[in-house]
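A.B. asks: Sharing model-v7.cif below, mmCIF, C-alpha atoms:
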```cif
data_coords
loop_
_atom_site.label_atom_id
_atom_site.label_comp_id
_atom_site.auth_asym_id
_atom_site.auth_seq_id
_atom_site.Cartn_x
_atom_site.Cartn_y
_atom_site.Cartn_z
CA MET G 1 0.00 0.00 0.00
CA ASN G 2 1.61 3.24 -1.17
CA PRO G 3 0.53 6.87 -0.69
CA LEU G 4 -1.74 8.39 -3.34
CA ILE G 5 -1.39 12.13 -3.95
CA PHE G 6 -3.84 14.24 -5.99
CA GLN G 7 -3.16 17.50 -7.85
CA SER G 8 -5.53 19.38 -10.15
CA ASP G 9 -6.84 22.75 -11.30
CA PHE G 10 -10.35 21.83 -10.12
CA GLY G 11 -10.52 23.91 -6.95
CA ARG G 12 -12.95 22.84 -4.25
CA ALA G 13 -16.06 24.82 -5.15
CA ASP G 14 -17.78 21.71 -6.51
CA GLY G 15 -17.62 17.95 -6.16
CA ALA G 16 -14.87 17.10 -8.66
CA VAL G 17 -12.12 16.44 -6.11
CA SER G 18 -14.50 14.51 -3.87
CA ALA G 19 -15.50 12.32 -6.83
CA MET G 20 -11.83 11.43 -7.41
CA TYR G 21 -11.48 10.51 -3.74
CA GLY G 22 -14.61 8.39 -3.97
CA VAL G 23 -13.36 6.44 -6.98
CA ALA G 24 -10.03 5.80 -5.27
CA TYR G 25 -11.65 4.57 -2.06
CA CYS G 26 -13.99 2.31 -4.03
CA VAL G 27 -10.89 0.71 -5.53
CA CYS G 28 -9.36 0.23 -2.09
CA GLY G 29 -10.73 1.53 1.18
CA ASP G 30 -7.36 1.28 2.90
CA LEU G 31 -5.63 3.84 0.72
CA LYS G 32 -3.99 6.88 2.29
CA ILE G 33 -4.80 9.85 0.08
CA SER G 34 -3.28 13.32 0.34
CA ASP G 35 -3.49 16.48 -1.76
CA LEU G 36 -0.61 18.31 -3.36
CA THR G 37 -2.85 21.18 -4.46
CA HIS G 38 -6.11 21.75 -6.30
CA GLU G 39 -5.44 25.47 -6.80
CA ILE G 40 -3.37 25.29 -9.99
CA PRO G 41 -4.61 28.15 -12.23
CA GLN G 42 -7.05 26.77 -14.78
CA TYR G 43 -5.32 25.04 -17.71
CA ASP G 44 -1.84 26.04 -16.46
CA ILE G 45 0.26 23.02 -17.42
CA TRP G 46 3.50 24.86 -16.61
CA GLU G 47 2.56 25.42 -12.97
CA ALA G 48 1.31 21.85 -12.64
CA SER G 49 4.71 20.69 -13.87
CA TYR G 50 6.54 22.91 -11.39
CA ARG G 51 4.43 21.90 -8.39
CA LEU G 52 5.28 18.27 -9.10
CA ILE G 53 9.03 18.90 -9.06
CA GLN G 54 8.55 20.91 -5.87
CA THR G 55 7.09 17.82 -4.18
CA VAL G 56 7.71 14.46 -5.85
CA SER G 57 11.23 13.68 -4.65
CA TYR G 58 10.27 14.22 -0.99
CA TRP G 59 7.82 11.28 -1.00
CA PRO G 60 8.85 7.62 -0.57
CA GLU G 61 9.59 5.27 -3.42
CA GLY G 62 6.34 3.81 -4.73
CA THR G 63 4.23 6.91 -4.02
CA VAL G 64 1.67 7.55 -6.76
CA PHE G 65 0.87 11.10 -7.89
CA VAL G 66 -2.23 11.83 -9.95
CA SER G 67 -1.91 15.21 -11.68
CA VAL G 68 -4.88 16.44 -13.70
CA VAL G 69 -4.50 19.76 -15.51
CA ASP G 70 -5.99 18.72 -18.81
CA PRO G 71 -7.15 21.37 -21.30
CA GLY G 72 -7.00 18.69 -24.01
CA VAL G 73 -9.35 16.24 -22.27
CA GLY G 74 -11.12 14.09 -24.85
CA SER G 75 -8.52 14.78 -27.55
CA THR G 76 -5.84 12.47 -28.93
CA ARG G 77 -3.31 13.32 -26.20
CA ARG G 78 -2.05 10.22 -24.41
CA SER G 79 -2.73 9.20 -20.82
CA ILE G 80 0.47 7.92 -19.24
CA VAL G 81 2.18 6.83 -16.05
CA ALA G 82 5.81 7.86 -15.61
CA GLN G 83 8.20 6.23 -13.18
CA THR G 84 10.72 8.73 -11.83
CA GLU G 85 14.37 7.96 -11.17
CA GLY G 86 13.46 8.02 -7.48
CA GLY G 87 10.83 5.32 -7.95
CA GLN G 88 7.71 7.46 -7.59
CA TYR G 89 4.91 7.34 -10.19
CA VAL G 90 3.01 10.17 -11.88
CA VAL G 91 -0.36 9.45 -13.54
CA THR G 92 -1.22 12.28 -15.89
CA PRO G 93 -2.17 13.41 -19.37
CA ASP G 94 0.90 13.52 -21.58
CA ASN G 95 0.64 17.23 -22.27
CA GLY G 96 3.82 18.67 -20.76
CA THR G 97 2.93 18.19 -17.10
CA LEU G 98 6.03 16.03 -16.73
CA THR G 99 8.46 18.63 -18.12
CA HIS G 100 10.18 19.59 -14.87
CA VAL G 101 10.24 16.01 -13.55
CA LYS G 102 11.82 14.86 -16.82
CA LYS G 103 14.41 17.67 -16.86
CA LEU G 104 15.33 17.95 -13.18
CA CYS G 105 14.38 14.67 -11.52
CA GLY G 106 14.55 12.16 -14.35
CA ILE G 107 12.09 9.63 -15.75
CA ARG G 108 13.13 5.98 -15.63
CA ALA G 109 10.26 4.57 -17.72
CA ALA G 110 6.82 5.49 -19.06
CA ARG G 111 3.71 3.52 -20.00
CA VAL G 112 0.51 4.48 -21.82
CA ILE G 113 -2.61 3.67 -19.82
CA ASP G 114 -4.58 0.78 -21.31
CA GLU G 115 -8.09 2.15 -20.91
CA SER G 116 -9.67 -1.20 -21.74
CA ILE G 117 -8.43 -2.35 -18.32
CA ASN G 118 -7.66 0.78 -16.33
CA ARG G 119 -10.86 2.76 -16.59
CA LEU G 120 -13.72 3.15 -14.13
CA PRO G 121 -16.38 0.57 -15.07
CA GLY G 122 -19.44 2.16 -16.64
CA SER G 123 -17.66 5.38 -17.63
CA GLY G 124 -16.88 4.48 -21.24
CA GLU G 125 -19.17 7.10 -22.80
CA SER G 126 -17.88 9.97 -20.66
CA TYR G 127 -15.10 11.98 -22.27
CA THR G 128 -14.78 15.07 -20.06
CA PHE G 129 -13.71 13.79 -16.63
CA HIS G 130 -10.69 11.59 -17.20
CA GLY G 131 -9.36 12.78 -13.84
CA ARG G 132 -12.04 10.65 -12.17
CA ASP G 133 -12.57 7.90 -14.74
CA ILE G 134 -8.98 7.13 -15.78
CA TYR G 135 -6.37 8.88 -13.63
CA ALA G 136 -7.85 8.49 -10.14
CA TYR G 137 -8.92 4.94 -10.96
CA THR G 138 -5.54 3.91 -12.39
CA GLY G 139 -3.63 5.72 -9.64
CA ALA G 140 -5.63 3.93 -6.95
CA ARG G 141 -5.07 0.54 -8.58
CA LEU G 142 -1.34 1.21 -8.77
CA ALA G 143 -1.01 2.60 -5.24
CA SER G 144 -3.00 -0.26 -3.72
CA GLY G 145 -0.96 -2.91 -5.52
CA ILE G 146 -3.90 -4.27 -7.53
CA ILE G 147 -1.70 -3.68 -10.57
CA GLY G 148 2.05 -3.24 -10.86
CA PHE G 149 3.68 -0.75 -13.20
CA GLU G 150 3.58 -3.34 -16.00
CA GLY G 151 -0.19 -3.55 -15.56
CA VAL G 152 -0.66 0.10 -16.55
CA GLY G 153 -0.24 -0.60 -20.26
CA PRO G 154 2.41 -0.74 -23.00
CA GLU G 155 5.78 0.87 -22.43
CA VAL G 156 6.73 3.90 -24.53
CA PRO G 157 10.13 5.61 -24.96
CA VAL G 158 10.94 8.16 -22.26
CA GLU G 159 12.07 10.48 -25.06
CA SER G 160 8.49 10.55 -26.37
CA VAL G 161 7.08 12.08 -23.16
CA VAL G 162 5.82 15.53 -24.14
CA GLU G 163 7.71 18.59 -22.92
CA ILE G 164 6.66 22.22 -22.99
CA PRO G 165 9.32 24.88 -23.78
CA PHE G 166 11.97 25.03 -21.08
CA VAL G 167 14.82 27.56 -21.27
CA PRO G 168 17.75 26.70 -18.98
CA ALA G 169 19.56 29.37 -16.96
CA LYS G 170 22.98 30.47 -18.22
CA LEU G 171 26.11 32.23 -17.02
CA GLU G 172 27.71 34.75 -19.39
CA GLU G 173 30.25 37.49 -18.69
CA ASN G 174 29.85 37.38 -14.90
CA GLU G 175 26.06 37.53 -14.89
CA VAL G 176 23.44 34.81 -14.64
CA SER G 177 20.09 34.94 -16.36
CA GLY G 178 17.03 32.76 -16.38
CA THR G 179 13.26 32.76 -16.15
CA ILE G 180 10.80 33.39 -13.33
CA ASP G 181 9.27 29.96 -13.21
CA VAL G 182 6.68 30.25 -10.46
CA LEU G 183 5.59 32.25 -7.42
CA ASP G 184 5.72 31.23 -3.81
CA VAL G 185 2.03 31.94 -4.06
CA ARG G 186 1.05 32.93 -0.54
CA PHE G 187 4.01 35.27 -0.03
CA GLY G 188 4.60 36.57 -3.57
CA SER G 189 8.27 35.59 -3.80
CA LEU G 190 9.74 35.01 -7.27
CA TRP G 191 11.25 31.56 -7.82
CA THR G 192 13.70 31.48 -10.71
CA ASN G 193 15.27 28.61 -12.65
CA ILE G 194 18.80 29.81 -11.73
CA PRO G 195 20.51 27.07 -9.69
CA ARG G 196 22.46 28.17 -6.63
CA GLU G 197 25.64 26.53 -7.93
CA LEU G 198 25.45 28.54 -11.17
CA PHE G 199 24.79 31.75 -9.22
CA LEU G 200 27.83 31.15 -6.99
CA LYS G 201 30.12 30.90 -10.02
CA MET G 202 29.98 34.72 -10.09
CA GLY G 203 32.03 34.65 -6.88
CA VAL G 204 29.40 36.25 -4.66
CA SER G 205 29.07 35.90 -0.88
CA TYR G 206 26.29 36.47 1.62
CA GLY G 207 25.85 40.13 2.46
CA GLU G 208 26.97 41.39 -0.95
CA ARG G 209 24.72 43.50 -3.15
CA ILE G 210 23.28 41.90 -6.28
CA GLU G 211 21.89 43.88 -9.18
CA VAL G 212 18.58 42.35 -10.23
CA ILE G 213 17.01 43.15 -13.59
CA ILE G 214 13.56 41.83 -14.46
CA GLU G 215 12.25 42.06 -18.01
CA LYS G 216 9.01 41.12 -19.72
CA ARG G 217 9.40 40.45 -23.43
CA GLY G 218 12.53 42.60 -23.53
CA HIS G 219 11.12 45.56 -21.58
CA THR G 220 12.71 46.29 -18.19
CA VAL G 221 10.11 46.40 -15.42
CA TYR G 222 12.44 46.31 -12.39
CA ARG G 223 16.09 47.08 -11.76
CA THR G 224 17.80 47.69 -8.45
CA SER G 225 20.46 46.42 -6.06
CA LEU G 226 19.45 43.86 -3.42
CA ILE G 227 21.22 42.14 -0.56
CA TYR G 228 22.14 38.46 -1.03
CA ALA G 229 20.83 37.06 2.25
CA HIS G 230 20.88 33.78 4.17
CA SER G 231 17.23 34.29 5.05
CA PHE G 232 14.55 36.94 5.39
CA ALA G 233 15.88 37.87 8.84
CA ASP G 234 18.97 39.36 7.17
CA ALA G 235 16.85 42.10 5.59
CA PHE G 236 14.81 44.89 7.13
CA ILE G 237 11.04 44.53 7.13
CA GLY G 238 9.87 45.78 3.73
CA GLU G 239 13.33 45.35 2.17
CA ALA G 240 13.78 43.22 -0.94
CA LEU G 241 16.42 40.49 -1.02
CA VAL G 242 17.93 37.67 -3.07
CA TYR G 243 18.03 34.26 -1.40
CA VAL G 244 18.22 30.51 -2.07
CA ASN G 245 14.79 28.86 -2.04
CA SER G 246 13.84 25.43 -0.74
CA LEU G 247 14.63 23.78 -4.09
CA ASP G 248 18.18 25.21 -4.21
CA PHE G 249 17.34 27.83 -6.83
CA MET G 250 17.66 31.59 -6.58
CA ALA G 251 14.65 33.63 -5.54
CA VAL G 252 13.66 37.24 -4.89
CA ALA G 253 11.36 38.40 -2.10
CA ILE G 254 10.35 41.25 0.16
CA ASN G 255 10.75 40.56 3.87
CA GLN G 256 7.17 40.39 5.18
CA GLY G 257 5.89 41.71 1.85
CA ASN G 258 4.72 40.50 -1.56
CA PHE G 259 7.26 41.16 -4.31
CA ALA G 260 5.07 39.95 -7.19
CA ARG G 261 2.20 42.21 -6.17
CA ALA G 262 4.39 45.20 -5.35
CA TYR G 263 6.02 45.24 -8.78
CA ASN G 264 3.33 43.50 -10.84
CA VAL G 265 5.66 40.65 -11.83
CA GLY G 266 4.41 37.41 -13.38
CA THR G 267 5.82 34.04 -14.33
CA GLY G 268 6.65 32.07 -17.45
CA LEU G 269 9.08 32.21 -20.33
CA SER G 270 8.20 35.83 -21.16
CA TRP G 271 9.59 36.92 -17.75
CA ARG G 272 13.42 37.03 -17.71
CA ILE G 273 15.62 37.79 -14.73
CA THR G 274 19.32 38.70 -14.67
CA MET G 275 21.59 38.82 -11.62
CA ARG G 276 25.15 40.20 -11.33
CA LYS G 277 27.40 41.79 -8.76
CA SER G 278 26.04 45.22 -8.12
CA THR G 279 27.53 48.44 -9.47
CA LEU G 280 24.59 50.43 -8.13
CA ASN G 281 24.48 52.32 -4.85
CA ARG G 282 21.09 50.88 -3.92
#
```
Mind converting the file's structure to structure tokens?
C.D. replies:
Amino acid sequence: MNPLIFQSDFGRADGAVSAMYGVAYCVCGDLKISDLTHEIPQYDIWEASYRLIQTVSYWPEGTVFVSVVDPGVGSTRRSIVAQTEGGQYVVTPDNGTLTHVKKLCGIRAARVIDESINRLPGSGESYTFHGRDIYAYTGARLASGIIGFEGVGPEVPVESVVEIPFVPAKLEENEVSGTIDVLDVRFGSLWTNIPRELFLKMGVSYGERIEVIIEKRGHTVYRTSLIYAHSFADAFIGEALVYVNSLDFMAVAINQGNFARAYNVGTGLSWRITMRKSTLNR
């Protein structure tokens, strides 16, 4: 019996999440089900991908994740189960949701779900709620041990797993640049794709000032000098700072404030961030 973790963009205003729970418990009443989040912005495959990489590797081998952000439900996109290099499983539409897991965590193997076996009985004419009828059902069967990974369906090449555009961070001429991948939602901090190790190749130390430039589609929306801090306590209340987030990537925040809201900064490939040793006074 392995943990079963649900993620979706369904929210909790209606019964969709409860229906997924119900299907899983009908498969096996002894399952232990948890939620990653159901507050992914509607249709936002990128954020679904990031929230998985934020979480997957911290769960035991054998844990089954069901991630349903599926704007292409009912189309020809595949339904797959991926086995990570750490031995966890992700049950999801093959629409790019596995991008960050594939790039940063690694996928050991992938299988297409055989819906003739792994589909909720009596749901064959429903084409709009695969989260309940296919993903929750298959995830519960896998987590409970009713089927093994081989019982999911035919194996497919890992290289065929769909990825959405992903631009790696880079170091050039003593400055690092990357994208603002996601927000620390509740606190408005900016989480970048710049790894700490790449950032440190500039020869910076805690307490130094870092020039931060944020651009949207080539237009500068923010530029100033911030302290590189161990933690928020190293900055004054209301002061912005650069720090290392919980995934070992560089981030920008305001101590006891909301950076994204204060400067109207968003996420995604159109948002670029550059960091270098500061030549500014503030």
A.B. asks: Report as JSON lines the residues of region 125-210 of chain G within 8 Å of region 62-75 of chain G, each with its shortest atom pair and distance in Å (one decimal), using only C-alpha atoms, ordered by chain and increasing residue number.
C.D. replies:
```
{"residue": "G:Tyr127", "atom": "CA", "partner": "G:Gly74", "partner_atom": "CA", "distance": 5.2}
{"residue": "G:Thr128", "atom": "CA", "partner": "G:Val73", "partner_atom": "CA", "distance": 6.0}
{"residue": "G:Phe129", "atom": "CA", "partner": "G:Val73", "partner_atom": "CA", "distance": 7.5}
{"residue": "G:His130", "atom": "CA", "partner": "G:Val73", "partner_atom": "CA", "distance": 7.0}
{"residue": "G:Gly131", "atom": "CA", "partner": "G:Val68", "partner_atom": "CA", "distance": 5.8}
{"residue": "G:Tyr135", "atom": "CA", "partner": "G:Val66", "partner_atom": "CA", "distance": 6.3}
{"residue": "G:Ala136", "atom": "CA", "partner": "G:Val66", "partner_atom": "CA", "distance": 6.5}
{"residue": "G:Gly139", "atom": "CA", "partner": "G:Val66", "partner_atom": "CA", "distance": 6.3}
{"residue": "G:Leu142", "atom": "CA", "partner": "G:Val64", "partner_atom": "CA", "distance": 7.3}
{"residue": "G:Ala143", "atom": "CA", "partner": "G:Val64", "partner_atom": "CA", "distance": 5.8}
```
A.B. asks: Set out as JSON lines a contact list for region 112-182 of chain G and region 12-27 of chain G with a cut-off of 6 Å, giving each residue of region 112-182 of chain G that qualifies its closest atom pair and distance in Å to one decimal, counting all atoms listed in the file, ordered by chain and rising residue number.
C.D. replies:
```
{"residue": "G:Arg132", "atom": "CA", "partner": "G:Met20", "partner_atom": "CA", "distance": 4.8}
{"residue": "G:Ala136", "atom": "CA", "partner": "G:Met20", "partner_atom": "CA", "distance": 5.7}
{"residue": "G:Tyr137", "atom": "CA", "partner": "G:Ala24", "partner_atom": "CA", "distance": 5.9}
{"residue": "G:Ala140", "atom": "CA", "partner": "G:Ala24", "partner_atom": "CA", "distance": 5.1}
```
A.B. asks: Point out the residue among G:Val161, G:Ile134, G:Ile40, G:Cys28 with the least atom-to-atom distance to Val182 (chain G), counting only C-alpha atoms.
C.D. replies: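 Among G:Val161, G:Ile134, G:Ile40, G:Cys28, it is G:Ile40 that comes nearest to Val182 (chain G).
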A.B. asks: Neighbouring residues of region 97-109 of chain G were defined as those with any atom within 7 Å, considering all atoms listed in the file; residues of the same chain fewer than 6 positions away were excluded. Please report them as a ChimeraX atom specification.
C.D. replies: /G:45-46,48-50,53,82-85,158,163-164
A.B. asks: Please produce an output containing C-alpha atoms for each residue in the selection, written as a PDB file, keeping the file's coordinate frame.
C.D. replies:
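Output file out.pdb follows:
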```pdb
ATOM      1  CA  ILE G  45       0.260  23.020 -17.420  1.00  0.00           C
ATOM      2  CA  TRP G  46       3.500  24.860 -16.610  1.00  0.00           C
ATOM      3  CA  ALA G  48       1.310  21.850 -12.640  1.00  0.00           C
ATOM      4  CA  SER G  49       4.710  20.690 -13.870  1.00  0.00           C
ATOM      5  CA  TYR G  50       6.540  22.910 -11.390  1.00  0.00           C
ATOM      6  CA  ILE G  53       9.030  18.900  -9.060  1.00  0.00           C
ATOM      7  CA  ALA G  82       5.810   7.860 -15.610  1.00  0.00           C
ATOM      8  CA  GLN G  83       8.200   6.230 -13.180  1.00  0.00           C
ATOM      9  CA  THR G  84      10.720   8.730 -11.830  1.00  0.00           C
ATOM     10  CA  GLU G  85      14.370   7.960 -11.170  1.00  0.00           C
ATOM     11  CA  VAL G 158      10.940   8.160 -22.260  1.00  0.00           C
ATOM     12  CA  GLU G 163       7.710  18.590 -22.920  1.00  0.00           C
ATOM     13  CA  ILE G 164       6.660  22.220 -22.990  1.00  0.00           C
TER      14      ILE G 164
END
```
A.B. asks: Please identify all polymer residues within 9 Å of region 152-154 of chain G, counting only C-alpha atoms, omitting same-chain residues fewer than 6 positions from it, and present them as a list in words.
C.D. replies: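 Selected residues are Ile80, Val81, Ala110, Arg111, Val112, Ile113, Asp114, Glu115, Ile117, Asn118, Thr138 and Leu142 of chain G.
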A.B. asks: Taking the file as shown, what set of residues would the PyMOL selection byres ((chain G and resi 238) around 8) give back, as an MDAnalysis selection string?
C.D. replies: chainID G and resid 236:237 239:240 254:257
A.B. asks: Could you save the residues just selected, with C-alpha atoms, as a PDB file, keeping the file's coordinate frame?
C.D. replies:
```pdb
ATOM      1  CA  PHE G 236      14.810  44.890   7.130  1.00  0.00           C
ATOM      2  CA  ILE G 237      11.040  44.530   7.130  1.00  0.00           C
ATOM      3  CA  GLU G 239      13.330  45.350   2.170  1.00  0.00           C
ATOM      4  CA  ALA G 240      13.780  43.220  -0.940  1.00  0.00           C
ATOM      5  CA  ILE G 254      10.350  41.250   0.160  1.00  0.00           C
ATOM      6  CA  ASN G 255      10.750  40.560   3.870  1.00  0.00           C
ATOM      7  CA  GLN G 256       7.170  40.390   5.180  1.00  0.00           C
ATOM      8  CA  GLY G 257       5.890  41.710   1.850  1.00  0.00           C
TER       9      GLY G 257
END
```
A.B. asks: Take CA of Trp271 (chain G) and CA of Leu226 (chain G) and report the distance between them in Å, one decimal.
C.D. replies: 18.7 Å
A.B. asks: With distances taken over all atoms listed in the file, which residue among G:Arg217, G:Arg276, G:Arg186, G:Arg223 lies nearest Gly203 (chain G)?
C.D. replies: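 The answer is G:Arg276, which sits nearest to Gly203 (chain G).
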A.B. asks: Between CA of Leu120 (chain G) and CA of Pro41 (chain G), measure the distance and give it in Å to one decimal.
C.D. replies: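 We find that CA of Leu120 (chain G) and CA of Pro41 (chain G) lie 26.7 Å from each other.
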A.B. asks: So which one's closest to Met250 (chain G), G:Arg272, G:Arg196, G:His219, G:Lys277? Using all atoms listed in the file, please.
C.D. replies: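 Smallest distance to Met250 (chain G) is found for G:Arg196.
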A.B. asks: Would you mind reading off the distance between CA of Ile273 (chain G) and CA of Ile214 (chain G), one decimal, in Å?
C.D. replies: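 Between CA of Ile273 (chain G) and CA of Ile214 (chain G) the gap is 4.5 Å.
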A.B. asks: Pick from G:Lys201, G:Tyr222, G:Gly96, G:Glu125: nearest to Asp44 (chain G), with all atoms listed in the file counted?
C.D. replies: G:Gly96
A.B. asks: Got a minute to add N, CA, C and O atoms to region 149-171 of chain G and dump it as a short mmCIF file (atom, residue, chain, number, x, y, z; two decimals), in the frame of the given file?
C.D. replies:
```cif
data_model
loop_
_atom_site.label_atom_id
_atom_site.label_comp_id
_atom_site.auth_asym_id
_atom_site.auth_seq_id
_atom_site.Cartn_x
_atom_site.Cartn_y
_atom_site.Cartn_z
N PHE G 149 3.42 -1.71 -12.13
CA PHE G 149 3.68 -0.75 -13.20
C PHE G 149 3.44 -1.38 -14.57
O PHE G 149 2.89 -0.75 -15.47
N GLU G 150 3.78 -2.66 -14.72
CA GLU G 150 3.58 -3.34 -16.00
C GLU G 150 2.10 -3.45 -16.34
O GLU G 150 1.73 -3.55 -17.52
N GLY G 151 1.24 -3.43 -15.33
CA GLY G 151 -0.19 -3.55 -15.56
C GLY G 151 -0.85 -2.27 -16.03
O GLY G 151 -2.05 -2.27 -16.34
N VAL G 152 -0.10 -1.18 -16.08
CA VAL G 152 -0.66 0.10 -16.55
C VAL G 152 -1.01 0.01 -18.02
O VAL G 152 -2.07 0.47 -18.47
N GLY G 153 -0.06 -0.55 -18.82
CA GLY G 153 -0.24 -0.60 -20.26
C GLY G 153 1.11 -0.69 -20.94
O GLY G 153 2.14 -0.87 -20.27
N PRO G 154 1.15 -0.56 -22.26
CA PRO G 154 2.41 -0.74 -23.00
C PRO G 154 3.43 0.35 -22.70
O PRO G 154 3.09 1.52 -22.53
N GLU G 155 4.70 -0.07 -22.66
CA GLU G 155 5.78 0.87 -22.43
C GLU G 155 6.02 1.73 -23.65
O GLU G 155 5.87 1.27 -24.80
N VAL G 156 6.39 2.98 -23.44
CA VAL G 156 6.73 3.90 -24.53
C VAL G 156 8.08 4.53 -24.21
O VAL G 156 8.50 4.59 -23.05
N PRO G 157 8.82 5.01 -25.23
CA PRO G 157 10.13 5.61 -24.96
C PRO G 157 10.01 6.85 -24.07
O PRO G 157 9.11 7.67 -24.25
N VAL G 158 10.92 6.97 -23.12
CA VAL G 158 10.94 8.16 -22.26
C VAL G 158 11.09 9.41 -23.11
O VAL G 158 10.50 10.46 -22.81
N GLU G 159 11.85 9.31 -24.20
CA GLU G 159 12.07 10.48 -25.06
C GLU G 159 10.77 10.99 -25.68
O GLU G 159 10.69 12.15 -26.09
N SER G 160 9.75 10.14 -25.74
CA SER G 160 8.49 10.55 -26.37
C SER G 160 7.58 11.31 -25.42
O SER G 160 6.56 11.87 -25.85
N VAL G 161 7.91 11.34 -24.13
CA VAL G 161 7.08 12.08 -23.16
C VAL G 161 7.11 13.56 -23.51
O VAL G 161 8.18 14.16 -23.67
N VAL G 162 5.96 14.16 -23.65
CA VAL G 162 5.82 15.53 -24.14
C VAL G 162 6.42 16.53 -23.16
O VAL G 162 6.23 16.42 -21.95
N GLU G 163 7.16 17.50 -23.71
CA GLU G 163 7.71 18.59 -22.92
C GLU G 163 7.19 19.92 -23.47
O GLU G 163 7.01 20.07 -24.68
N ILE G 164 6.95 20.87 -22.59
CA ILE G 164 6.66 22.22 -22.99
C ILE G 164 7.97 23.01 -22.99
O ILE G 164 8.95 22.57 -22.40
N PRO G 165 8.05 24.14 -23.69
CA PRO G 165 9.32 24.88 -23.78
C PRO G 165 9.93 25.14 -22.42
O PRO G 165 9.25 25.52 -21.47
N PHE G 166 11.23 24.93 -22.34
CA PHE G 166 11.97 25.03 -21.08
C PHE G 166 13.32 25.64 -21.43
O PHE G 166 14.11 25.03 -22.16
N VAL G 167 13.58 26.85 -20.95
CA VAL G 167 14.82 27.56 -21.27
C VAL G 167 15.74 27.50 -20.06
O VAL G 167 15.43 28.07 -19.01
N PRO G 168 16.87 26.82 -20.15
CA PRO G 168 17.75 26.70 -18.98
C PRO G 168 18.43 28.02 -18.65
O PRO G 168 18.62 28.89 -19.52
N ALA G 169 18.79 28.20 -17.39
CA ALA G 169 19.56 29.37 -16.96
C ALA G 169 20.97 29.29 -17.55
O ALA G 169 21.47 28.22 -17.87
N LYS G 170 21.62 30.45 -17.66
CA LYS G 170 22.98 30.47 -18.22
C LYS G 170 23.82 31.53 -17.52
O LYS G 170 23.31 32.50 -16.96
N LEU G 171 25.13 31.30 -17.57
CA LEU G 171 26.11 32.23 -17.02
C LEU G 171 26.95 32.77 -18.16
O LEU G 171 27.58 32.00 -18.90
#
```
